[in-house]
Structure formats: structure tokens, C-alpha cells
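Visitor: This is the structure I have questions about; it appears just below.
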Amino acid sequence: MYRVLLRAFPREFRSAFGAEMTSLFDERRHDARRAGIAAYTAFWIRTLIDVTQHGIAERRAARRQQGDPMWKGFVQDVRFAARLFGRRPGFTAAAVLTLALGIGLNIAVFSVLNGVLIRWLPLPNVDQIVNVSETGHGVRHQPFNPSNFLDVQRGTTDVFQAIAAFRSLPGATLTGFGEATKVALTAASPQLFDVMGVAPLLGRPLTAADATADVRSIVVTERFWRAKLGGDSQVVGRALELDGQRWTIVGVMPKDTAFPTGTEVWKPLIFTPQELAARNSWFLQAVGRMRAAVTLTQANASLAHAMGLVAASHPGPETRSAEATDLREDTVHLVRRDLLFAQGVMALILLIACANLANLLLASATARAHEFSIRTSIGAGRGRLIRQLLAESFVLSAAGSALGMAIAYLVVPAIVAAYPGALPGRERISVSVMELGIACAGALVTTLLFGLAPAIVGSRVAPAIGLSETSRVGPSRVTRLLRSGLVASEVALTLSLLAGAALLIKSFTTLTSQPVGFDASNVLTANLQLPTARFPSDEQRRDFFARLVERIGQDADVASVATTLPLPFDGHGIGSMFRWDPANGSPKRLIGDIRFVSPDILDVLKVPLARGRFFDARDTATTPLVAVVNEEFARQYGGERDVLGMRFQRETNSPWITIVGVTANVRFNFLQTPRAQFMFPLAQSGPGTMTLAVRTRTSPERFATRLREIVRSVDPALPLTDVDTLTAVIGDSVAQRRFNMSLLVTLASLAVLLSAIGVYGVMAYVVGQRTREMGIRLALGAQPSQVRSLVVRQGLMPVIAGIAGGLAGAWFLATFLKKDLFQVKPHDPATLVVATAAFFLIGVLACWLPSRRAARIDPIRVLQAD
Amino acid sequence: MAPTPSLVDSFLPLKPVAFHVLMSLAGGERHGYAITQEIAARTSARMRLEPGNLYRSIKALLDDQLIEEAPHRPSRVGDDVRRRYYRMTGLGRRVAAAETARLEELLADARSKQWLKGRA
């Protein structure tokens, strides 16, 4: 393959260096293959750019030395092509736009792929940075315990240059800069900056001296510095207020080094004596920078040894270990599949566009047989004709690529904004020089894809026949076969995409039509977090939420209001385990999801109470603890017995909790059936974060501003976040699936449109070429309906062949989509039949429209034209 | 005959890729893959030379007689026969030295104007 690409270089250069270049290419390819699929893809892209760029440069240099007439001929051909297309603006505009869409969308998706997968975190020797985590109960990627981490840090200096722990905090409230806003905060040990391996832009990183409670130093990211601090070069030493406390900025880190992704501010990670004493709580993430030449295997061996020493000195109920894993792989594996799939689909769209254009150019070349015959008869070789036709294709490709770059520039921000999930490295996504190189390479590749075959076939002219003004010979058999093959190919590709889109639509509809167990209409939700500095006790937090709920409930537009943690469908579940009262019989352990709620939550969500009672004024901090469970709990743990009145506890010797009510099941996401659930009253707990749920009498969207005003009137320093209707929250829970479905549906629709235009275009051209034949048929007594059905039948042959190929393609694509389907088989026959029938009807329509023209031919006029 | 200063100066300023190739050969004879590996290691992977880029540069350096093909190869065992080994010529050494001096002078100039304040 590389030897073929080397033909971009002049012959003399290839003779001198071709063998060495191939040897170097083989070595580099071997290295890239070992580094993984992202590196291998990047390697091929760099190779294509290198061959294109330097091959052309070397040829130009050689021509400058030799005064090559071929280059002058090429320039002439390009000028001729530009004039030719200028005389056919409609055709040119359609061709360029088709290419621009195909190339532009490919570049756009590639930009995202490049920023997320290829142009990974721009830190020095980033492949040496690994995730470090604990493993236990056979489960990997678990957080670290603080004391375990410190022991591992001390015990692995042989393999790690630096190893750091951090925790992403829920976000502090920044005040003093206009309205209070949330800031993404990470508490990190000072070694994190050694792991990153870059010096700050301004000031210094955090050090061990900052890890004392009274110092309060922070480091900010470059993005935060520009957005919130105006890029002030004197920012070091400036103070900020976070959660009501003053912090001093000691450093600003360079661009694109926000780690973990999304961080805006780093503060020191400080452990309390209780956290250091307890070996049974795990909440830290860790990363390490391996020493040069240390492999992952060696790092894992050292980690296992260090944790073995910890286990020996602090034996626990289970054996825990530690593990290092590739940081890039851990971060991108969730989005990689989606991005590669999107790129693959875009490439198919480009192929369909190229097939369309190839047919158009083939028809155009056939129509120019007379012109080519003249040129051949006065000495032009076939190679010269092919070169000219390729130059014409190149002009279209170059214009399409240039416009495609502009389209990509506009589309990339839209894709990034529309992508529903976390896109790691979002801030690194842009249309850059690499994408420009891809556009140039794309121009060449598409020239060959849609221009070469028509150029080779269309330049086959027999001068004696072509020169005759009365020539009656139509397109050759090769031309007809090529034309049919192109139509069949684009039909096959389109049907594959259409079937895939139909499967995703069916799956999404099945998923979201499941009953949720509550009424989401007219409910506005918002999150509120109380800083521990100002609300240190459970009682203060409970009182605040109770006051707030009462204040909101006084508004005329509010039918009912409550607090809940978590909210159904907001993606956060809290699982827990309890101990059943032995008097209840087996089982001993209860496992389920827990919620903290205020008394009116059933009114707000309209959830029926099946039996017993819900929480009310009787349940306070000083009364016996109570809980309400759901029907799934009652079925799973009660069986034939009624669970009302039964008791459980968090662990041995903790207070008993009595079940006082049972509610209907409420779904927390579409993918899981409702699990056993425990609800506890807000009055007997004290979480610092709650979600407000407000049922409004009018539109919940309109109440959002009023809600903010009410909260501000109770406490101006507390921002509401994630203000949204419950319907939107439910919609967001399936946003990723909806995005994938919408993308495939949009692209499949584009493919159908391109294919339909392609089939129609070919049939319209064929009818035009066979006007005389149709006229003679009609003159000899054929009925218009017979002529129509002849045209439709012949037009449908390649469509049917394409459908057969498309079914095979759909089979393959459906297997790839298996993970995205919910309760729908990948090879669902009904969906395939519907997609096939729909496309067949479109094919019939695309053939039928030109057939009407054929049936209306006036045979007398045709015969007179002879 | 020793190259005159005007002959050496006529090659300056060197293109960055050419300078890196010469620096790579300063340590002795190397083939193409070894040159790219050495440059990547020396620049912490900031400069990765693809074959087209590298061999255009090698061709230009050969044409200018700043490098030449080494007459001897190491033992055939484990060696790819397609590889050719290159080394600097005397002229190449002088040109590399002159380029180094030119860059040092430029750096000193920039420092004196305090454009590189605060950096080691």
C-alpha cells in the first residue's frame, strides 16, 4: 500500500529513496500498531498527509529544475475545467454542494475525534500517566482509602516518579464576582502537579506546605483565569471567596491542562485525623506518572507488593489490592465507540455522494464523445484525456473541500454543544491545521473515488464512430455496467443506514414508553447545596430546607412543594444495605436505594400510597425513626407478610427504623426495573444537598425566575443550580440515546435524499439518451403504459440489486448496534421489512417520474428529427 | 581544501529539519529510522519526522554535500538491507557548527532585550 502511495513522488526520487522510505514506514507502522488503535489511525493520517504534501513539493521542485511540460498541461486542464463548470452553474453548484456536505461533515466529526481521542491531554510524555485505583470484592477501579493511598505512595517510589490523590468536590460557590456561581473544585495532593509535569503559567503550583487548614492556597486553570479573572497578569496573591471562605491564588496553570477534566480550581487535599484512622472508607481517586522505561506490568507488581504490606499490617474483612490502568483508555472508552461509529457513518455518506457524482460525470463524459473523438483524431492520447477528466474532477473536489472546511468550522461547535454526555477534552476540539490537511487529502481521495472510473471509461472513444454526426451508438456495455454498479452501491449503503436508523427509533420508542410511576407534568426542579461552613449541623440544614419549602409553598402559583434526594431520573442513585430485625425472619440483609424526602413529595409527584401512612408532623428528630418503602421492597422482602410495622437498622446496635407506609413503585431510570426502595423523612436526617420539586398551577418554565427570587430572598448567597422541568430531566436521562438516534436518522435521511436524487438523475439521463428508441416503440404501437413500465422495470434492476446488498449491510450494522438496542432484536425482521419497503417505494418513485416523460414522447417529432 | 567562511555561510540559516538531521548524525552514522528515533527522543516527541519529510531533507543534504552515505555497514545479522547509513561530511560539521553559533547569538540577543524574562 505504501509503495502505491510513494507514486506521489517523482520517479527519480523513488528510485533513490523508495526502498529506505518503505523500510522506515514498516518500522513506524509496527510501532504504531503496538500503541493502540488511536495511535494507528493517527499514524495513517500522518502518512497520507506526509505523502501528499512532500510528494507534491518534491514534484514541484523537480519541475522547477526541469521545466516539466506536464505541470503546464495540468494548469491548462484546470483552467479549462473552471471555464467549463462556469458555463454549467446549476450542475457545478449541485456537485460542489454535495461534496462539501460529505467532506465537511467528515472533517467536523474528525475534529471532535481528534480532540477527544487523538490529541490527548497535551502533557509531556502523557502515556506515562496512569490511573491508580484499589480493587476489592473482585471489583476494579474503586476509590482509594486515604491511609492506604499514603502507604502506597511511600511504597512505590521505585516505579512512580510521582503519585497523587484527588477528589472532585461537588462545587464551591464563588462570590464577589457579580452573581454567585458554582465553581468546579478539585482537592488534590501537591504531587498532582508533578504528575502533570508542566510548569504554571503564572506563580507556582500547590506544595506540601499548603496542606494545612489555615493556609488556604488555590491554583486556577487558564480557562477560569481568563473567564472569571479577566486574564489579569497580577492575579497571583489575589483573594477569592469560595463557600464564604477567603482563598489566595498562588498559581495559574497553562491552557488545556485542567485535570481532571472540567476542573476550574485546585485546592490542597487535607485529611482529618478521623479519615486517616479509618481504613474502611474509600473516596479518593489517584493518578501516577511512571518513571521512564517502567512498564504497566512493573507498576502493577509494585502496587500489589505495597498493598500486600498494608494488608499484612492492617488485616480487614476482605483482601484489597491496587492496580494501575491506562489513563487515556479509562477516560475515552465510553465515547470512543460513538465517535468512531459517527465517523464511519459520515464516511458512508461521502461514498454515496461520490457515487452520485461519478454517475453524473460518467454521463457528462459520454455526452462529450464527439469532443473526445476530435481530440483523439488530432493526436491526443487516451492518457491525456484521462488527465483532463481527472483535472475536472479535481476542480470540483477542491471547491468542495474548501466549502467543506467552512461547513466543518460552523458544524463543530454545534456538535460539541449538542453532544449530551461528558466529552473529555471538549476544550481541545477545534478545526485546525490538521483538519486542513485532511481536507486537502480528502480532495485528492474523492477525485480518485468519483473521477477515476468515469475518466477511464468515458475516454474510451472510437474516433471513426464518435466523429460521425449521425452516430447512433449509445453508451458502451462497460459504461452501463459501471452506471448500474454505482446506483446499486449507493442503494446498498443507504439501505444499511436506513435499517440502522429504524432499529434505533424502535428501540428508543420502546424504552421511553415505559410507565414511570409518577406524574412529571407541571413540576419544576432545582438543586440546592448548603455549604458545611455555614450549615455545619444536621439541624441547621433541616431547618433551612423546611423554612425554604414553607416560603415557596406560600406562592400563589405553587400547588405543592417538597424536597427529595435523589430525584428520579437525575442519574444519581444512592444504594445502601441494612440489617433486618431477626424477628422478621430471613433474609438478614436488605439492599436497596435510599431517598431522603419531605412530607409533600407524594403530592408533588402524584405517587399513590398503597398502604399505611406517609411522613408528617409526627416525625421529628426526637421521635422514633421511621421509613416508607415501595411495593417492590414489600414483594421482595415481605412476600406473603405485610411489611408495615416491621423494623430494620443500619448496623448492629444502631437505632431501629420502623416501616410505616408502602408506596407504589417509582422508576428511577428507563433501563432498570424499579428496585427495592427506602424513603427517610428529611426531619430525621440532614443531607446538605437536596432537590426542590415544585408542582405549579401554571407553566413550570415561567416559575423558574420566581423560584430563584424566592430562594435569594431567603438566602442571597445560595445559588440554585440545574433548574429544569421534571419532563426535561427525564428527557436528559436518555439524551445520549436520543442523540445517537437523531444523528443516524438525520444521516440516513440525507443518504436517502442523495440516493433518490442519484437514481432519478440516472433515469432522467437514460430516458434522454433513449428518446429515439422510445419514440420508435410508440410509433410501432406500444402503449404509453408499456413504455412507462419498461423504464421503471429497467431502472429498478440496480435498485433491487442494491437492496440485496443493503440487507447484508444492514445485518452487519445491526450487529454493531446491538448494545444500543432496548428490547429490540438486532435483526428484527419487521424493522428490516419496513425499511426495505420504504426505500423500494422511493426507488419506484425516482424511476417513475422520468418514465412519465418517456411515455409522453411524441413519436412523430422523433422520426422527423431523423 | 578547507571550505571558506563564505561557502559555510551560504548554507545558513539551515532549515530546522536539516539542522536536526545534522545534530542526529553528530553522534555517528545512522540510518533513517535511527535518525527519526533520535530526534523524537531528543525533542520529547515534539518533532516526529515522517519518511517523506525526512528523505527530502536527506536528499537536499546529500545534494549540498553536507552528509554522505557511510561506506561501511554493520553486520548483516538483524539489519534491514534496505537501510542506508549516513554520516556528516567535514563541510556538514562546519555548517552545523555555524548554525549553532548563529542560534546562540540570536538567543543572547533576545535575552538581552528581556523577551525571555523569567525563563531559565
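Order determines the names: the first chain of the C-alpha cells is A, the second B, and so forth; residues in each chain are numbered 1 upward, and ligands are numbered 1 upward as they are shown.
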What are the residues of chain B that have an atom within 10 Å of an atom of chain A, counting only C-alpha atoms, as a PyMOL selection string?
Guide: chain B and resi 31-34+36-37+44-46+48-56+58-59+80-84
Visitor: Kindly export the residues of the current selection with C-alpha atoms, as a PDB file, in the first residue's frame.
Guide:
ATOM      1  CA  HIS B  31      20.100   5.105   9.140  1.00  0.00           C
ATOM      2  CA  GLY B  32      16.737   6.805   8.584  1.00  0.00           C
ATOM      3  CA  TYR B  33      14.789   5.072  11.360  1.00  0.00           C
ATOM      4  CA  ALA B  34      17.548   5.709  13.879  1.00  0.00           C
ATOM      5  CA  THR B  36      13.870   9.764  13.460  1.00  0.00           C
ATOM      6  CA  GLN B  37      14.081   7.911  16.789  1.00  0.00           C
ATOM      7  CA  SER B  44      10.409  14.729  23.718  1.00  0.00           C
ATOM      8  CA  ALA B  45       8.343  13.651  20.695  1.00  0.00           C
ATOM      9  CA  ARG B  46       7.626  17.262  19.706  1.00  0.00           C
ATOM     10  CA  ARG B  48       8.229  13.428  14.579  1.00  0.00           C
ATOM     11  CA  LEU B  49       9.623  13.118  11.080  1.00  0.00           C
ATOM     12  CA  GLU B  50       7.620  11.210   8.549  1.00  0.00           C
ATOM     13  CA  PRO B  51       9.508   9.395   5.760  1.00  0.00           C
ATOM     14  CA  GLY B  52       8.673  11.925   3.040  1.00  0.00           C
ATOM     15  CA  ASN B  53       9.815  14.853   5.121  1.00  0.00           C
ATOM     16  CA  LEU B  54      12.965  13.069   6.296  1.00  0.00           C
ATOM     17  CA  TYR B  55      14.144  11.832   2.949  1.00  0.00           C
ATOM     18  CA  ARG B  56      13.530  15.123   1.157  1.00  0.00           C
ATOM     19  CA  ILE B  58      18.371  13.858   3.353  1.00  0.00           C
ATOM     20  CA  LYS B  59      18.286  14.316  -0.424  1.00  0.00           C
ATOM     21  CA  ASP B  80      17.381  -4.448   7.079  1.00  0.00           C
ATOM     22  CA  VAL B  81      19.176  -4.491   3.707  1.00  0.00           C
ATOM     23  CA  ARG B  82      17.016  -1.586   2.526  1.00  0.00           C
ATOM     24  CA  ARG B  83      18.597   0.720   5.071  1.00  0.00           C
ATOM     25  CA  ARG B  84      21.416   3.074   4.122  1.00  0.00           C
TER      26      ARG B  84
END
Visitor: Quick one: residues within 7 Å of region 604-615 of chain A, only C-alpha atoms counted, chain neighbours fewer than 4 positions away excluded, as a PyMOL selection string?
Guide: chain A and resi 517-520+560-562+599-600+619+628+644+660-664+681+693-695
Visitor: Go ahead and dump the residues you just picked, N, CA and C atoms, as a PDB file, in the first residue's frame.
Guide:
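What ended up in out-v1.pdb:
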ATOM      1  N   GLY A 517     -44.377   5.740  36.779  1.00  0.00           N
ATOM      2  CA  GLY A 517     -44.904   5.611  38.139  1.00  0.00           C
ATOM      3  C   GLY A 517     -45.201   6.932  38.828  1.00  0.00           C
ATOM      4  N   PHE A 518     -45.019   8.054  38.122  1.00  0.00           N
ATOM      5  CA  PHE A 518     -45.371   9.340  38.727  1.00  0.00           C
ATOM      6  C   PHE A 518     -45.772  10.299  37.612  1.00  0.00           C
ATOM      7  N   ASP A 519     -46.316  11.454  37.989  1.00  0.00           N
ATOM      8  CA  ASP A 519     -46.759  12.447  37.014  1.00  0.00           C
ATOM      9  C   ASP A 519     -45.714  13.556  36.936  1.00  0.00           C
ATOM     10  N   ALA A 520     -45.018  13.611  35.787  1.00  0.00           N
ATOM     11  CA  ALA A 520     -43.933  14.589  35.662  1.00  0.00           C
ATOM     12  C   ALA A 520     -44.408  15.935  35.146  1.00  0.00           C
ATOM     13  N   SER A 560     -47.985  22.484  45.233  1.00  0.00           N
ATOM     14  CA  SER A 560     -47.335  21.756  46.328  1.00  0.00           C
ATOM     15  C   SER A 560     -45.833  21.787  46.074  1.00  0.00           C
ATOM     16  N   VAL A 561     -45.040  21.637  47.156  1.00  0.00           N
ATOM     17  CA  VAL A 561     -43.587  21.696  47.031  1.00  0.00           C
ATOM     18  C   VAL A 561     -42.979  20.716  48.032  1.00  0.00           C
ATOM     19  N   ALA A 562     -41.867  20.124  47.656  1.00  0.00           N
ATOM     20  CA  ALA A 562     -41.187  19.178  48.539  1.00  0.00           C
ATOM     21  C   ALA A 562     -39.713  19.152  48.177  1.00  0.00           C
ATOM     22  N   PRO A 599     -42.406  15.708  53.519  1.00  0.00           N
ATOM     23  CA  PRO A 599     -43.706  15.034  53.530  1.00  0.00           C
ATOM     24  C   PRO A 599     -44.547  15.181  52.268  1.00  0.00           C
ATOM     25  N   ASP A 600     -44.441  16.311  51.544  1.00  0.00           N
ATOM     26  CA  ASP A 600     -45.354  16.515  50.421  1.00  0.00           C
ATOM     27  C   ASP A 600     -44.880  15.907  49.107  1.00  0.00           C
ATOM     28  N   ASP A 619     -43.245  13.037  62.710  1.00  0.00           N
ATOM     29  CA  ASP A 619     -41.887  12.509  62.539  1.00  0.00           C
ATOM     30  C   ASP A 619     -40.884  13.645  62.670  1.00  0.00           C
ATOM     31  N   VAL A 628     -40.516   4.706  54.871  1.00  0.00           N
ATOM     32  CA  VAL A 628     -41.571   4.239  53.965  1.00  0.00           C
ATOM     33  C   VAL A 628     -40.864   3.483  52.850  1.00  0.00           C
ATOM     34  N   LEU A 644     -45.648  -3.593  56.912  1.00  0.00           N
ATOM     35  CA  LEU A 644     -45.958  -2.482  57.809  1.00  0.00           C
ATOM     36  C   LEU A 644     -45.684  -2.899  59.248  1.00  0.00           C
ATOM     37  N   VAL A 660     -43.576   2.447  58.152  1.00  0.00           N
ATOM     38  CA  VAL A 660     -44.921   2.953  58.444  1.00  0.00           C
ATOM     39  C   VAL A 660     -45.790   3.049  57.189  1.00  0.00           C
ATOM     40  N   GLY A 661     -45.204   2.904  56.005  1.00  0.00           N
ATOM     41  CA  GLY A 661     -46.019   3.042  54.789  1.00  0.00           C
ATOM     42  C   GLY A 661     -45.366   2.341  53.614  1.00  0.00           C
ATOM     43  N   VAL A 662     -46.206   2.071  52.610  1.00  0.00           N
ATOM     44  CA  VAL A 662     -45.730   1.454  51.362  1.00  0.00           C
ATOM     45  C   VAL A 662     -46.296   2.279  50.206  1.00  0.00           C
ATOM     46  N   THR A 663     -45.416   2.725  49.310  1.00  0.00           N
ATOM     47  CA  THR A 663     -45.896   3.484  48.135  1.00  0.00           C
ATOM     48  C   THR A 663     -45.833   2.604  46.898  1.00  0.00           C
ATOM     49  N   ALA A 664     -46.464   3.110  45.830  1.00  0.00           N
ATOM     50  CA  ALA A 664     -46.339   2.435  44.531  1.00  0.00           C
ATOM     51  C   ALA A 664     -44.890   2.573  44.056  1.00  0.00           C
ATOM     52  N   PRO A 681     -37.541  10.421  56.256  1.00  0.00           N
ATOM     53  CA  PRO A 681     -38.011  11.812  56.293  1.00  0.00           C
ATOM     54  C   PRO A 681     -36.846  12.772  56.451  1.00  0.00           C
ATOM     55  N   ALA A 693     -38.639  20.128  44.433  1.00  0.00           N
ATOM     56  CA  ALA A 693     -39.597  19.724  43.403  1.00  0.00           C
ATOM     57  C   ALA A 693     -40.861  20.524  43.656  1.00  0.00           C
ATOM     58  N   VAL A 694     -41.262  21.340  42.675  1.00  0.00           N
ATOM     59  CA  VAL A 694     -42.389  22.257  42.855  1.00  0.00           C
ATOM     60  C   VAL A 694     -43.450  21.954  41.804  1.00  0.00           C
ATOM     61  N   ARG A 695     -44.658  21.605  42.241  1.00  0.00           N
ATOM     62  CA  ARG A 695     -45.765  21.440  41.279  1.00  0.00           C
ATOM     63  C   ARG A 695     -46.453  22.791  41.160  1.00  0.00           C
TER      64      ARG A 695
END
Visitor: Pick out the residues sitting within 12 Å of Leu360 (chain A), and hand them over as a PyMOL selection string; count only C-alpha atoms, and ignore anything fewer than 4 positions along from it in its own chain.
Guide: chain A and resi 91-92+94-95+98+353-356+364-367+393+450-451+453-455+458+482-483+486-487+757-766
Visitor: What is the CA of Val734 (chain A)-CA of Lys819 (chain A) distance in Å, reported with one decimal?
Guide: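 We find that CA of Val734 (chain A) and CA of Lys819 (chain A) lie 14.4 Å from each other.
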Visitor: Applying 10 Å and only C-alpha atoms, which residues near Ala18 (chain B) remain after dropping the ones on its own chain fewer than 5 positions away? List them as a PyMOL selection string.
Guide: chain B and resi 23-24+54+56-58+60-61+66+96
Visitor: In Å, how far is it from CA of Ile218 (chain A) to CA of Ile249 (chain A)?
Guide: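 Between these atoms lies a distance of 5.0 Å.
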Visitor: CA of Ser496 (chain A) to CA of Ala808 (chain A): how many Å, to one decimal?
Guide: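 Result for CA of Ser496 (chain A) versus CA of Ala808 (chain A): 7.9 Å, one decimal.
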Visitor: Among region 452-672 of chain A, which residues carry a DSSP assignment of alpha helix (DSSP H), reported as a ChimeraX atom specification?
Guide: /A:452-458,463-467,477-512,538-553,601-605,631-633
Visitor: Deliver the residues from the most recent selection as a file, using C-alpha atoms, as a tab-separated table (two decimals), in the first residue's frame.
Guide:
chain	number	residue	atom	x	y	z
A	452	LEU	CA	-11.11	7.93	-11.99
A	453	ALA	CA	-13.60	5.32	-13.18
A	454	PRO	CA	-15.66	7.77	-15.27
A	455	ALA	CA	-12.41	9.20	-16.68
A	456	ILE	CA	-11.14	5.77	-17.74
A	457	VAL	CA	-14.47	4.62	-19.12
A	458	GLY	CA	-15.53	7.93	-20.63
A	463	PRO	CA	-12.79	8.23	-33.38
A	464	ALA	CA	-14.48	6.93	-36.54
A	465	ILE	CA	-17.74	6.38	-34.70
A	466	GLY	CA	-17.59	9.35	-32.39
A	467	LEU	CA	-16.81	11.80	-35.18
A	477	ARG	CA	-21.65	-2.08	-22.07
A	478	VAL	CA	-18.85	-1.11	-19.67
A	479	THR	CA	-20.43	2.30	-19.18
A	480	ARG	CA	-23.85	0.78	-18.50
A	481	LEU	CA	-22.39	-1.73	-16.05
A	482	LEU	CA	-20.45	0.98	-14.24
A	483	ARG	CA	-23.55	3.14	-14.02
A	484	SER	CA	-25.71	0.31	-12.66
A	485	GLY	CA	-22.94	-0.67	-10.24
A	486	LEU	CA	-22.75	2.86	-8.86
A	487	VAL	CA	-26.52	3.01	-8.36
A	488	ALA	CA	-26.57	-0.41	-6.68
A	489	SER	CA	-23.69	0.63	-4.38
A	490	GLU	CA	-25.33	3.78	-3.15
A	491	VAL	CA	-28.66	1.98	-2.67
A	492	ALA	CA	-26.90	-0.72	-0.61
A	493	LEU	CA	-25.15	1.84	1.61
A	494	THR	CA	-28.33	3.86	2.06
A	495	LEU	CA	-30.48	0.89	3.00
A	496	SER	CA	-27.93	-0.16	5.64
A	497	LEU	CA	-28.13	3.27	7.25
A	498	LEU	CA	-31.92	3.40	6.95
A	499	ALA	CA	-32.35	-0.01	8.59
A	500	GLY	CA	-29.99	1.04	11.42
A	501	ALA	CA	-31.95	4.25	11.95
A	502	ALA	CA	-35.25	2.34	12.01
A	503	LEU	CA	-33.88	-0.03	14.67
A	504	LEU	CA	-32.76	2.86	16.88
A	505	ILE	CA	-36.15	4.58	16.51
A	506	LYS	CA	-37.97	1.40	17.54
A	507	SER	CA	-35.62	0.86	20.47
A	508	PHE	CA	-35.94	4.45	21.71
A	509	THR	CA	-39.72	4.37	21.46
A	510	THR	CA	-39.88	1.08	23.38
A	511	LEU	CA	-37.56	2.45	26.06
A	512	THR	CA	-39.32	5.75	26.68
A	538	ASP	CA	-27.93	18.39	60.52
A	539	GLU	CA	-30.37	20.52	62.49
A	540	GLN	CA	-29.35	23.76	60.72
A	541	ARG	CA	-29.67	22.09	57.32
A	542	ARG	CA	-33.07	20.56	58.16
A	543	ASP	CA	-34.38	23.90	59.45
A	544	PHE	CA	-33.20	25.74	56.39
A	545	PHE	CA	-34.87	23.35	53.95
A	546	ALA	CA	-38.07	23.33	56.00
A	547	ARG	CA	-38.17	27.15	56.01
A	548	LEU	CA	-37.47	27.29	52.31
A	549	VAL	CA	-40.18	24.79	51.46
A	550	GLU	CA	-42.69	26.70	53.57
A	551	ARG	CA	-41.72	30.00	51.91
A	552	ILE	CA	-42.04	28.55	48.40
A	553	GLY	CA	-45.37	26.94	49.30
A	601	ILE	CA	-43.31	14.60	47.86
A	602	LEU	CA	-46.16	12.20	47.09
A	603	ASP	CA	-48.44	15.20	46.36
A	604	VAL	CA	-45.86	16.80	44.09
A	605	LEU	CA	-45.14	13.64	42.08
A	631	GLU	CA	-44.09	-2.21	46.62
A	632	GLU	CA	-41.01	-3.84	45.14
A	633	PHE	CA	-39.47	-3.92	48.62
